[in-house]
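Asks: Here you go, this is coords34.tsv (TSV, C-alpha atoms and all ligand atoms).
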chain	number	residue	atom	x	y	z
A	1	MET	CA	0.00	0.00	0.00
A	2	ASP	CA	2.78	2.38	0.96
A	3	ALA	CA	4.64	1.50	-2.21
A	4	TYR	CA	1.46	2.09	-4.20
A	5	LYS	CA	0.85	5.40	-2.48
A	6	SER	CA	4.34	6.54	-3.14
A	7	SER	CA	4.17	5.54	-6.78
A	8	VAL	CA	0.95	7.52	-7.12
A	9	ASP	CA	2.64	10.52	-5.49
A	10	PHE	CA	5.50	10.09	-7.87
A	11	ALA	CA	3.34	9.70	-10.96
A	12	GLU	CA	1.30	12.75	-10.02
A	13	ALA	CA	4.33	14.80	-9.25
A	14	THR	CA	6.13	13.69	-12.43
A	15	ALA	CA	3.11	14.50	-14.58
A	16	PHE	CA	2.94	17.81	-12.82
A	17	LEU	CA	6.63	18.41	-13.31
A	18	SER	CA	6.42	17.99	-17.04
A	19	HIS	CA	4.03	20.93	-17.16
A	20	ALA	CA	5.76	23.05	-14.59
A	21	CYS	CA	7.06	25.64	-16.97
A	22	TYR	CA	5.18	28.65	-15.74
A	23	GLU	CA	5.68	30.50	-12.54
A	24	GLN	CA	2.34	29.53	-11.00
A	25	ASP	CA	3.14	25.89	-11.79
A	26	LYS	CA	6.44	26.19	-10.00
A	27	MET	CA	4.79	27.80	-6.98
A	28	ALA	CA	2.20	25.05	-6.90
A	29	LEU	CA	4.93	22.46	-7.31
A	30	ARG	CA	6.75	23.82	-4.28
A	31	ALA	CA	3.48	23.64	-2.33
A	32	THR	CA	2.88	20.06	-3.51
A	33	LEU	CA	6.38	19.13	-2.49
A	34	LYS	CA	6.21	20.83	0.87
A	35	ASN	CA	5.94	17.39	2.38
A	36	LYS	CA	9.64	16.67	2.40
A	37	SER	CA	9.25	12.93	2.09
A	38	ILE	CA	7.54	13.44	-1.26
A	39	LEU	CA	10.28	15.85	-2.28
A	40	SER	CA	12.98	13.39	-1.33
A	41	GLY	CA	11.18	10.50	-2.99
A	42	LEU	CA	10.42	12.46	-6.11
A	43	LEU	CA	13.86	13.83	-6.55
A	44	SER	CA	15.59	10.53	-5.88
A	45	ARG	CA	13.25	8.65	-8.18
A	46	LEU	CA	13.59	11.21	-10.92
A	47	SER	CA	17.29	10.54	-10.89
A	48	SER	CA	16.82	6.80	-11.03
A	49	CYS	CA	14.41	6.70	-13.96
A	50	SER	CA	16.80	7.73	-16.70
A	51	SER	CA	18.47	5.65	-19.33
A	52	HIS	CA	21.89	4.09	-20.08
A	53	GLY	CA	22.71	3.04	-16.54
A	54	ARG	CA	23.37	6.50	-15.18
A	55	VAL	CA	22.05	6.74	-11.71
A	56	CYS	CA	18.69	6.86	-12.75
A	57	VAL	CA	16.85	17.72	-7.59
A	58	SER	CA	18.74	43.75	9.17
A	59	PRO	CA	21.18	41.81	6.34
A	60	VAL	CA	19.35	38.59	7.01
A	61	LEU	CA	16.02	40.11	6.02
A	62	VAL	CA	17.47	41.57	2.85
A	63	ALA	CA	18.81	38.20	1.77
A	64	GLN	CA	15.57	36.42	2.67
A	65	ARG	CA	13.57	38.86	0.55
A	66	ARG	CA	15.90	38.15	-2.32
A	67	ASN	CA	15.49	34.39	-1.96
A	68	ASN	CA	11.73	34.64	-1.83
A	69	SER	CA	11.62	36.37	-5.20
A	70	THR	CA	9.23	34.64	-7.59
A	71	SER	CA	10.91	35.74	-10.81
A	72	PRO	CA	12.50	32.86	-12.75
A	73	LYS	CA	16.03	32.10	-11.64
A	74	LEU	CA	16.93	30.55	-14.97
A	75	LYS	CA	16.36	31.44	-18.58
A	76	VAL	CA	16.61	28.54	-20.99
A	77	ASP	CA	17.08	29.19	-24.70
A	78	PHE	CA	16.63	25.97	-26.61
A	79	ASN	CA	17.57	25.93	-30.30
A	80	GLN	CA	15.64	23.07	-31.92
A	81	SER	CA	17.77	23.14	-35.05
A	82	THR	CA	21.10	22.65	-33.25
A	83	GLY	CA	19.72	20.61	-30.35
A	84	VAL	CA	21.55	22.89	-27.90
A	85	ALA	CA	20.04	24.61	-24.86
A	86	VAL	CA	21.74	27.58	-23.22
A	87	MET	CA	20.81	27.94	-19.57
A	88	HIS	CA	21.38	31.44	-18.21
A	89	MET	CA	21.51	31.61	-14.42
A	90	GLN	CA	19.78	34.76	-13.27
A	91	ASN	CA	19.48	34.68	-9.50
A	92	PRO	CA	20.68	38.15	-8.45
A	93	PRO	CA	22.91	39.38	-7.16
A	94	VAL	CA	25.43	36.49	-7.37
A	95	ASN	CA	23.56	33.38	-8.57
A	96	SER	CA	23.77	31.76	-5.17
A	97	LEU	CA	22.45	28.21	-5.18
A	98	SER	CA	19.40	28.72	-2.97
A	99	LEU	CA	16.71	26.08	-2.43
A	100	GLY	CA	14.50	27.94	-4.93
A	101	PHE	CA	17.28	28.04	-7.50
A	102	LEU	CA	18.18	24.37	-7.02
A	103	THR	CA	14.56	23.28	-7.38
A	104	GLU	CA	14.15	25.27	-10.58
A	105	PHE	CA	17.46	23.98	-11.90
A	106	CYS	CA	16.52	20.32	-11.31
A	107	ILE	CA	13.18	20.79	-13.05
A	108	ALA	CA	14.79	22.53	-16.02
A	109	VAL	CA	17.52	19.91	-16.48
A	110	GLU	CA	14.99	17.08	-16.15
A	111	LYS	CA	12.78	18.64	-18.80
A	112	LEU	CA	15.70	19.03	-21.22
A	113	GLU	CA	16.85	15.50	-20.44
A	114	MET	CA	13.42	14.11	-21.31
A	115	ASP	CA	13.39	16.00	-24.62
A	116	LYS	CA	15.28	13.68	-26.93
A	117	SER	CA	15.93	16.52	-29.39
A	118	CYS	CA	18.07	18.29	-26.78
A	119	ARG	CA	21.63	16.92	-26.99
A	120	GLY	CA	23.73	19.68	-25.49
A	121	LEU	CA	23.50	22.06	-22.54
A	122	ILE	CA	25.59	25.20	-22.04
A	123	LEU	CA	25.49	26.64	-18.55
A	124	THR	CA	26.29	30.32	-18.12
A	125	SER	CA	25.46	33.38	-16.04
A	126	SER	CA	23.40	36.48	-16.73
A	127	GLN	CA	24.88	38.22	-13.71
A	128	PRO	CA	27.86	40.50	-14.29
A	129	LYS	CA	31.22	39.23	-12.99
A	130	VAL	CA	29.83	36.14	-11.26
A	131	PHE	CA	29.15	32.66	-12.60
A	132	SER	CA	27.84	31.42	-9.24
A	133	ALA	CA	28.74	32.31	-5.64
A	134	GLY	CA	28.09	28.70	-4.60
A	135	LEU	CA	25.59	27.48	-2.08
A	136	ASP	CA	23.35	30.15	-0.64
A	137	ILE	CA	24.71	30.65	2.84
A	138	MET	CA	21.33	31.96	3.99
A	139	ASP	CA	19.95	28.45	3.44
A	140	MET	CA	22.64	27.06	5.71
A	141	TYR	CA	22.29	29.60	8.49
A	142	GLY	CA	19.79	29.77	11.36
A	143	LYS	CA	17.34	27.29	9.87
A	144	LYS	CA	15.40	24.33	11.27
A	145	LEU	CA	16.72	20.77	10.87
A	146	GLU	CA	14.00	19.95	8.29
A	147	GLN	CA	15.04	22.96	6.25
A	148	TYR	CA	18.69	21.86	6.29
A	149	GLU	CA	17.55	18.45	5.11
A	150	GLU	CA	15.39	19.83	2.31
A	151	PHE	CA	18.19	22.09	1.16
A	152	TRP	CA	20.86	19.39	1.18
A	153	ARG	CA	18.57	16.94	-0.63
A	154	ALA	CA	18.24	19.56	-3.38
A	155	VAL	CA	22.02	20.12	-3.45
A	156	GLN	CA	22.69	16.38	-3.82
A	157	GLU	CA	20.04	16.12	-6.50
A	158	MET	CA	21.38	19.01	-8.49
A	159	TRP	CA	24.84	17.52	-8.52
A	160	LEU	CA	23.54	14.10	-9.57
A	161	LYS	CA	21.39	15.57	-12.34
A	162	LEU	CA	24.26	17.49	-13.86
A	163	TYR	CA	27.01	14.93	-13.30
A	164	SER	CA	24.95	12.06	-14.73
A	165	SER	CA	23.38	13.98	-17.61
A	166	ASN	CA	23.15	12.26	-20.99
A	167	MET	CA	23.59	15.63	-22.66
A	168	VAL	CA	26.94	17.16	-23.49
A	169	THR	CA	27.34	19.77	-20.76
A	170	ILE	CA	29.64	22.78	-21.11
A	171	ALA	CA	30.22	25.42	-18.44
A	172	ALA	CA	30.73	28.88	-19.94
A	173	ILE	CA	32.27	30.45	-16.85
A	174	ASN	CA	31.90	34.17	-17.36
A	175	GLY	CA	32.73	35.28	-13.82
A	176	SER	CA	33.88	34.13	-10.39
A	177	SER	CA	32.87	30.65	-9.40
A	178	PRO	CA	33.77	29.75	-5.83
A	179	ALA	CA	32.75	26.61	-3.92
A	180	GLY	CA	29.39	25.19	-5.10
A	181	GLY	CA	29.79	27.28	-8.25
A	182	CYS	CA	33.07	25.50	-8.94
A	183	LEU	CA	31.55	22.09	-8.29
A	184	MET	CA	28.71	22.91	-10.63
A	185	SER	CA	31.17	23.61	-13.43
A	186	LEU	CA	33.24	20.54	-12.51
A	187	SER	CA	30.13	18.44	-13.09
A	188	CYS	CA	30.07	19.49	-16.73
A	189	ASP	CA	31.97	17.76	-19.54
A	190	TYR	CA	34.04	20.82	-20.43
A	191	ARG	CA	34.87	24.19	-18.82
A	192	ILE	CA	35.63	27.44	-20.65
A	193	MET	CA	36.49	30.41	-18.46
A	194	ALA	CA	36.81	34.15	-19.11
A	195	ASP	CA	40.47	35.14	-19.00
A	196	ASN	CA	40.02	37.92	-16.48
A	197	PRO	CA	42.50	37.91	-13.56
A	198	ARG	CA	39.86	39.46	-11.30
A	199	TYR	CA	37.80	36.28	-11.44
A	200	SER	CA	38.43	33.30	-9.20
A	201	ILE	CA	37.43	29.66	-9.06
A	202	GLY	CA	38.06	26.94	-6.49
A	203	PHE	CA	36.94	25.74	-3.10
A	204	ASN	CA	37.29	28.25	-0.25
A	205	GLU	CA	35.13	26.39	2.29
A	206	THR	CA	37.76	25.62	4.92
A	207	GLN	CA	38.59	29.33	5.10
A	208	PHE	CA	35.26	29.92	6.80
A	209	GLY	CA	35.04	26.65	8.69
A	210	ILE	CA	33.06	24.44	6.29
A	211	VAL	CA	34.09	21.01	5.06
A	212	VAL	CA	33.11	19.95	1.54
A	213	PRO	CA	31.19	16.67	1.24
A	214	VAL	CA	33.03	13.55	0.22
A	215	TRP	CA	31.39	13.51	-3.22
A	216	CYS	CA	32.83	16.91	-3.93
A	217	LYS	CA	36.29	15.57	-3.13
A	218	GLU	CA	35.64	12.50	-5.29
A	219	ALA	CA	34.48	14.55	-8.27
A	220	MET	CA	37.38	16.96	-8.00
A	221	THR	CA	39.99	14.22	-7.67
A	222	THR	CA	38.86	12.65	-10.95
A	223	ILE	CA	39.58	15.94	-12.69
A	224	VAL	CA	42.68	17.51	-11.09
A	225	GLY	CA	44.16	14.54	-9.24
A	226	HIS	CA	44.73	13.77	-5.58
A	227	ARG	CA	47.48	16.29	-4.80
A	228	ASN	CA	45.77	19.33	-6.33
A	229	THR	CA	42.51	18.36	-4.63
A	230	GLU	CA	44.25	17.96	-1.28
A	231	LEU	CA	45.94	21.36	-1.51
A	232	THR	CA	42.82	23.12	-2.75
A	233	LEU	CA	40.43	21.63	-0.22
A	234	GLU	CA	42.67	21.79	2.85
A	235	LEU	CA	43.80	25.36	2.25
A	236	GLY	CA	40.50	26.58	0.82
A	237	LEU	CA	42.16	27.82	-2.36
A	238	LEU	CA	40.64	30.03	-5.02
A	239	TYR	CA	42.60	30.33	-8.27
A	240	ASN	CA	42.79	33.04	-10.87
A	241	PRO	CA	41.92	31.74	-14.36
A	242	SER	CA	45.50	31.08	-15.50
A	243	ASP	CA	46.37	29.11	-12.35
A	244	ALA	CA	43.08	27.23	-12.66
A	245	LEU	CA	44.06	26.28	-16.20
A	246	LYS	CA	47.50	25.11	-15.01
A	247	ILE	CA	46.02	22.56	-12.61
A	248	GLY	CA	43.27	21.50	-15.01
A	249	LEU	CA	40.39	22.98	-13.04
A	250	VAL	CA	39.25	24.60	-16.29
A	251	ASP	CA	39.96	23.40	-19.82
A	252	GLN	CA	40.30	26.63	-21.77
A	253	LEU	CA	40.59	30.39	-21.24
A	254	VAL	CA	39.20	32.87	-23.73
A	255	PRO	CA	38.63	36.64	-23.76
A	256	GLU	CA	35.60	37.54	-21.73
A	257	ASP	CA	33.42	38.50	-24.68
A	258	GLN	CA	34.06	35.18	-26.40
A	259	VAL	CA	33.08	32.76	-23.65
A	260	LEU	CA	29.62	31.89	-24.97
A	261	ALA	CA	30.66	31.88	-28.63
A	262	THR	CA	33.54	29.51	-27.82
A	263	ALA	CA	31.22	27.28	-25.82
A	264	THR	CA	28.85	27.11	-28.78
A	265	LYS	CA	31.68	26.25	-31.17
A	266	THR	CA	33.04	23.62	-28.79
A	267	MET	CA	29.57	22.13	-28.44
A	268	THR	CA	29.38	21.63	-32.20
A	269	LYS	CA	32.58	19.58	-32.05
A	270	TRP	CA	31.30	17.45	-29.18
A	271	LEU	CA	27.98	16.88	-30.92
A	272	ALA	CA	29.75	15.62	-34.03
A	273	ILE	CA	30.65	12.47	-32.06
A	274	PRO	CA	27.96	9.77	-32.40
A	275	ASP	CA	25.69	10.23	-29.40
A	276	HIS	CA	25.45	6.61	-28.29
A	277	ALA	CA	29.22	6.13	-28.23
A	278	ARG	CA	29.82	9.35	-26.33
A	279	ARG	CA	27.04	8.67	-23.84
A	280	ILE	CA	28.16	5.13	-23.08
A	281	THR	CA	31.71	6.38	-22.65
A	282	LYS	CA	30.56	9.17	-20.33
A	283	SER	CA	28.63	6.67	-18.28
A	284	MET	CA	31.62	4.33	-18.17
A	285	MET	CA	33.80	7.18	-16.87
A	286	ARG	CA	31.32	8.57	-14.31
A	287	LYS	CA	29.21	5.64	-13.13
A	288	PRO	CA	31.71	4.36	-10.55
A	289	THR	CA	31.75	7.78	-8.85
A	290	ILE	CA	27.97	8.06	-9.03
A	291	ASP	CA	27.44	4.56	-7.63
A	292	LYS	CA	29.85	5.24	-4.80
A	293	ILE	CA	28.10	8.47	-3.95
A	294	MET	CA	24.62	6.95	-4.15
A	295	SER	CA	25.66	4.32	-1.65
A	296	ILE	CA	26.56	6.95	0.94
A	297	ARG	CA	23.82	9.45	0.11
A	298	GLU	CA	21.85	9.08	3.33
A	299	ALA	CA	24.98	9.03	5.47
A	300	ASP	CA	26.10	12.20	3.70
A	301	MET	CA	22.76	13.79	4.57
A	302	GLN	CA	23.10	12.91	8.26
A	303	GLN	CA	26.66	14.15	8.29
A	304	TYR	CA	25.65	17.45	6.70
A	305	ILE	CA	22.78	18.05	9.11
A	306	SER	CA	24.87	17.23	12.13
A	307	PHE	CA	27.76	19.44	10.94
A	308	ILE	CA	25.75	22.44	9.79
A	309	SER	CA	23.54	22.58	12.87
A	310	LYS	CA	26.47	22.63	15.31
A	311	ASP	CA	26.71	25.90	17.29
A	312	SER	CA	30.36	26.30	16.32
A	313	THR	CA	29.57	25.93	12.58
A	314	GLN	CA	26.68	28.36	12.82
A	315	LYS	CA	28.87	30.87	14.61
A	316	MET	CA	31.51	30.72	11.89
A	317	LEU	CA	28.89	31.05	9.15
A	318	GLY	CA	27.38	34.05	10.92
A	319	THR	CA	30.80	35.72	11.09
A	320	TYR	CA	31.44	34.94	7.42
A	321	LEU	CA	28.07	36.37	6.38
A	322	GLU	CA	28.74	39.57	8.31
A	323	MET	CA	32.14	39.78	6.64
A	324	LEU	CA	30.61	39.40	3.17
A	325	LYS	CA	28.09	42.13	3.90
A	326	LYS	CA	30.59	44.53	5.48
A	327	LYS	CA	32.83	44.19	2.41
A	328	ARG	CA	30.49	46.52	0.55
A	329	GLY	CA	29.63	48.91	3.33
B	1	LIG	C1	25.92	20.43	-9.85
B	1	LIG	C2	25.55	21.24	-8.80
B	1	LIG	C3	26.49	21.39	-7.70
B	1	LIG	C4	25.72	21.60	-6.49
B	1	LIG	C5	26.51	22.23	-5.49
B	1	LIG	C6	27.10	21.27	-4.60
B	1	LIG	C7	27.85	22.03	-3.65
B	1	LIG	C8	28.60	21.23	-2.71
B	1	LIG	C9	29.90	21.91	-2.62
B	1	LIG	C10	30.51	21.86	-1.35
B	1	LIG	C11	30.01	22.81	-0.30
B	1	LIG	C12	29.85	24.14	-0.84
B	1	LIG	C13	29.64	25.14	-0.01
B	1	LIG	C14	29.39	26.47	-0.55
B	1	LIG	O1	29.21	26.69	-1.71
B	1	LIG	S1	29.28	27.70	0.63
B	1	LIG	C15	29.28	29.20	-0.29
B	1	LIG	C16	30.68	29.62	-0.53
B	1	LIG	N1	30.71	30.78	-1.34
B	1	LIG	C17	31.48	31.81	-1.06
B	1	LIG	O2	32.20	31.85	-0.09
B	1	LIG	C18	31.38	33.00	-1.99
B	1	LIG	C19	31.09	34.24	-1.25
B	1	LIG	N2	30.89	35.33	-2.17
B	1	LIG	C20	31.90	35.99	-2.78
B	1	LIG	O3	33.05	35.66	-2.65
B	1	LIG	C21	31.51	37.14	-3.63
B	1	LIG	O4	30.18	37.47	-3.32
B	1	LIG	C22	31.63	36.91	-5.13
B	1	LIG	C23	33.10	36.80	-5.55
B	1	LIG	C24	30.87	35.65	-5.58
B	1	LIG	C25	31.01	38.14	-5.87
B	1	LIG	O5	31.61	39.32	-5.38
B	1	LIG	P1	30.87	40.72	-5.57
B	1	LIG	O6	31.81	41.75	-5.03
B	1	LIG	O7	30.38	40.85	-6.95
B	1	LIG	O8	29.56	40.60	-4.68
B	1	LIG	P2	29.43	40.80	-3.09
B	1	LIG	O9	30.46	40.03	-2.38
B	1	LIG	O10	29.31	42.25	-2.79
B	1	LIG	O11	28.04	40.05	-2.81
B	1	LIG	C26	26.78	40.61	-3.19
B	1	LIG	C27	25.74	40.16	-2.21
B	1	LIG	O12	25.60	38.74	-2.30
B	1	LIG	C28	25.78	38.14	-1.02
B	1	LIG	N3	26.39	36.81	-1.19
B	1	LIG	C29	27.56	36.55	-1.79
B	1	LIG	N4	27.80	35.23	-1.81
B	1	LIG	C30	26.74	34.65	-1.21
B	1	LIG	C31	26.40	33.29	-0.92
B	1	LIG	N5	27.19	32.24	-1.26
B	1	LIG	N6	25.24	33.04	-0.29
B	1	LIG	C32	24.42	34.06	0.06
B	1	LIG	N7	24.69	35.38	-0.17
B	1	LIG	C33	25.84	35.66	-0.81
B	1	LIG	C34	26.68	39.11	-0.30
B	1	LIG	O13	26.57	38.92	1.09
B	1	LIG	C35	26.13	40.45	-0.75
B	1	LIG	O14	24.92	40.66	-0.02
B	1	LIG	P3	24.40	42.16	0.24
B	1	LIG	O15	24.05	42.73	-1.10
B	1	LIG	O16	23.20	41.97	1.12
B	1	LIG	O17	25.52	42.90	0.92
For the file at hand, write its structure as structure tokens.
Ligand SMILES: CCCCCCCCCCC/C=C/C(=O)SCCNC(=O)CCNC(=O)[C@H](O)C(C)(C)COP(=O)(O)OP(=O)(O)OC[C@H]1O[C@@H](n2cnc3c(N)ncnc32)[C@H](O)[C@@H]1OP(=O)(O)O
Replies:
Amino acid sequence: MDAYKSSVDFAEATAFLSHACYEQDKMALRATLKNKSILSGLLSRLSSCSSHGRVCVSPVLVAQRRNNSTSPKLKVDFNQSTGVAVMHMQNPPVNSLSLGFLTEFCIAVEKLEMDKSCRGLILTSSQPKVFSAGLDIMDMYGKKLEQYEEFWRAVQEMWLKLYSSNMVTIAAINGSSPAGGCLMSLSCDYRIMADNPRYSIGFNETQFGIVVPVWCKEAMTTIVGHRNTELTLELGLLYNPSDALKIGLVDQLVPEDQVLATATKTMTKWLAIPDHARRITKSMMRKPTIDKIMSIREADMQQYISFISKDSTQKMLGTYLEMLKKKRG
């Protein structure tokens, strides 16, 4: 009975998802998913139903107002003739990965994934100077345990969706991309960054007392190797574009005004490879990491909740938030 009930929930929510392209749909979806067990079930099952063996979603008040904004946090331009979608992140001011953003992102990627005519996804930012500031610290600060859980479930889901995508995914990094922003680009197949020494990319978490999850370490190690990962994560390093290129954190640097054009050109090359061969190869390369991470998903959740809700962690996050806000004033 429970299994039946949950499959009905899932079917309803999936049917609903496929139509959730307008703002009122998204608001209703969030209301439908308010029950976190449905959210967890839906998001996990969405990731397990895909093909090819991939694992198949004061200052405080100012920031809260921003996060509650109902304007779309993503703009997706899909070109039917090329089969390429460009996803512009537009969550001002810095494209932080808030719960609202993550939910919208998972829905958008799932919709593109289900559309067989979409073969490539370019991820970029509409915000000046910033690709993504990483996880929204407001969603990690001063919240209830259930809220931490809902947020982290969405973080895990977003990573899985992007990392296990069948599409060719290219990050067009047209601004700074610390922490979660860096991991988001590392989940793509290829990274092109604006050659502007004022931009930075990397993982600065330890600098303000946060430890990245094990799956972040795993994903990074597969790209830049054990030693670079160790140095970056322990010291909380952010790199300028040319240093990022040296260690392989990005694949290519181009002048700022050519990031998107280069991504589009690169996409054409990737799409010239027969899809089935590329997809199976991608799965072969990534499935071991995905399987490993899936097996520790619930433990990772418990670890996150216990770590983030500690008084000492909250105190450090509070200090960091104040520091970020003072920087401007
Ligand atoms: C495939 C998907 C992957 C999913 C992700 C998985 C992630 C797991 C990874 C491991 C754990 C990750 C943890 C994190 O990501 S914690 C967040 C870490 N991020 C940072 O430390 C970046 C902090 N921000 C900055 O350094 C700068 O803001 C930035 C360089 C990005 C831009 O600088 P700029 O000068 O243009 O802007 P301001 O600093 O003035 O900021 C403007 C306002 O935005 C607020 N802000 C900035 N960053 C965040 C943030 N991460 N969360 C919430 N709010 C943020 C900042 O306070 C300013 O607010 P006010 O306008 O109110 O002053």
Asks: Could you check the closest approach to ligand LIG 1 (chain B) for each of A:Pro255, A:Pro93, A:Gly318, A:Gly248 and tell me which residue wins, using only C-alpha atoms and all ligand atoms?
Replies: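 Nearest to ligand LIG 1 (chain B): A:Pro93.
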Asks: So, with all atoms listed in the file as the atoms that count, which of A:Asn79, A:Ser187, A:Ser283, A:Asn91 lies closest to ligand LIG 1 (chain B)?
Replies: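 Checking each candidate against ligand LIG 1 (chain B), we get A:Ser187 as the closest.
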Asks: Is it possible to get the axis-aligned box enclosing region 200-219 of chain A (all listed atoms, 3 Å extra per side) as lines of an AutoDock Vina configuration file, with centre and edge lengths in Å rounded to one decimal?
Replies:
center_x = 34.9
center_y = 22.9
center_z = -0.3
size_x = 13.4
size_y = 26.8
size_z = 23.9
Asks: Which residues come within 8 Å of Val84 (chain A), counting all atoms listed in the file, excluding same-chain residues fewer than 6 positions away, as a PDB file with C-alpha atoms, keeping the file's coordinate frame?
Replies:
ATOM      1  CA  PHE A  78      16.630  25.970 -26.610  1.00  0.00           C
ATOM      2  CA  CYS A 118      18.070  18.290 -26.780  1.00  0.00           C
ATOM      3  CA  ARG A 119      21.630  16.920 -26.990  1.00  0.00           C
ATOM      4  CA  GLY A 120      23.730  19.680 -25.490  1.00  0.00           C
ATOM      5  CA  LEU A 121      23.500  22.060 -22.540  1.00  0.00           C
ATOM      6  CA  ILE A 122      25.590  25.200 -22.040  1.00  0.00           C
TER       7      ILE A 122
END
Asks: With all atoms listed in the file as the basis for distance, which of A:Asp115, A:Glu157, A:Glu298, A:Glu230 is at the shortest distance from ligand LIG 1 (chain B)?
Replies: A:Glu157
Asks: Tell me which of A:Glu104, A:Asp257, A:Glu322, A:Asp275 sits closest to ligand LIG 1 (chain B), counting only C-alpha atoms and all ligand atoms.
Replies: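 Of A:Glu104, A:Asp257, A:Glu322, A:Asp275, the one nearest ligand LIG 1 (chain B) is A:Glu322, counting only C-alpha atoms and all ligand atoms.
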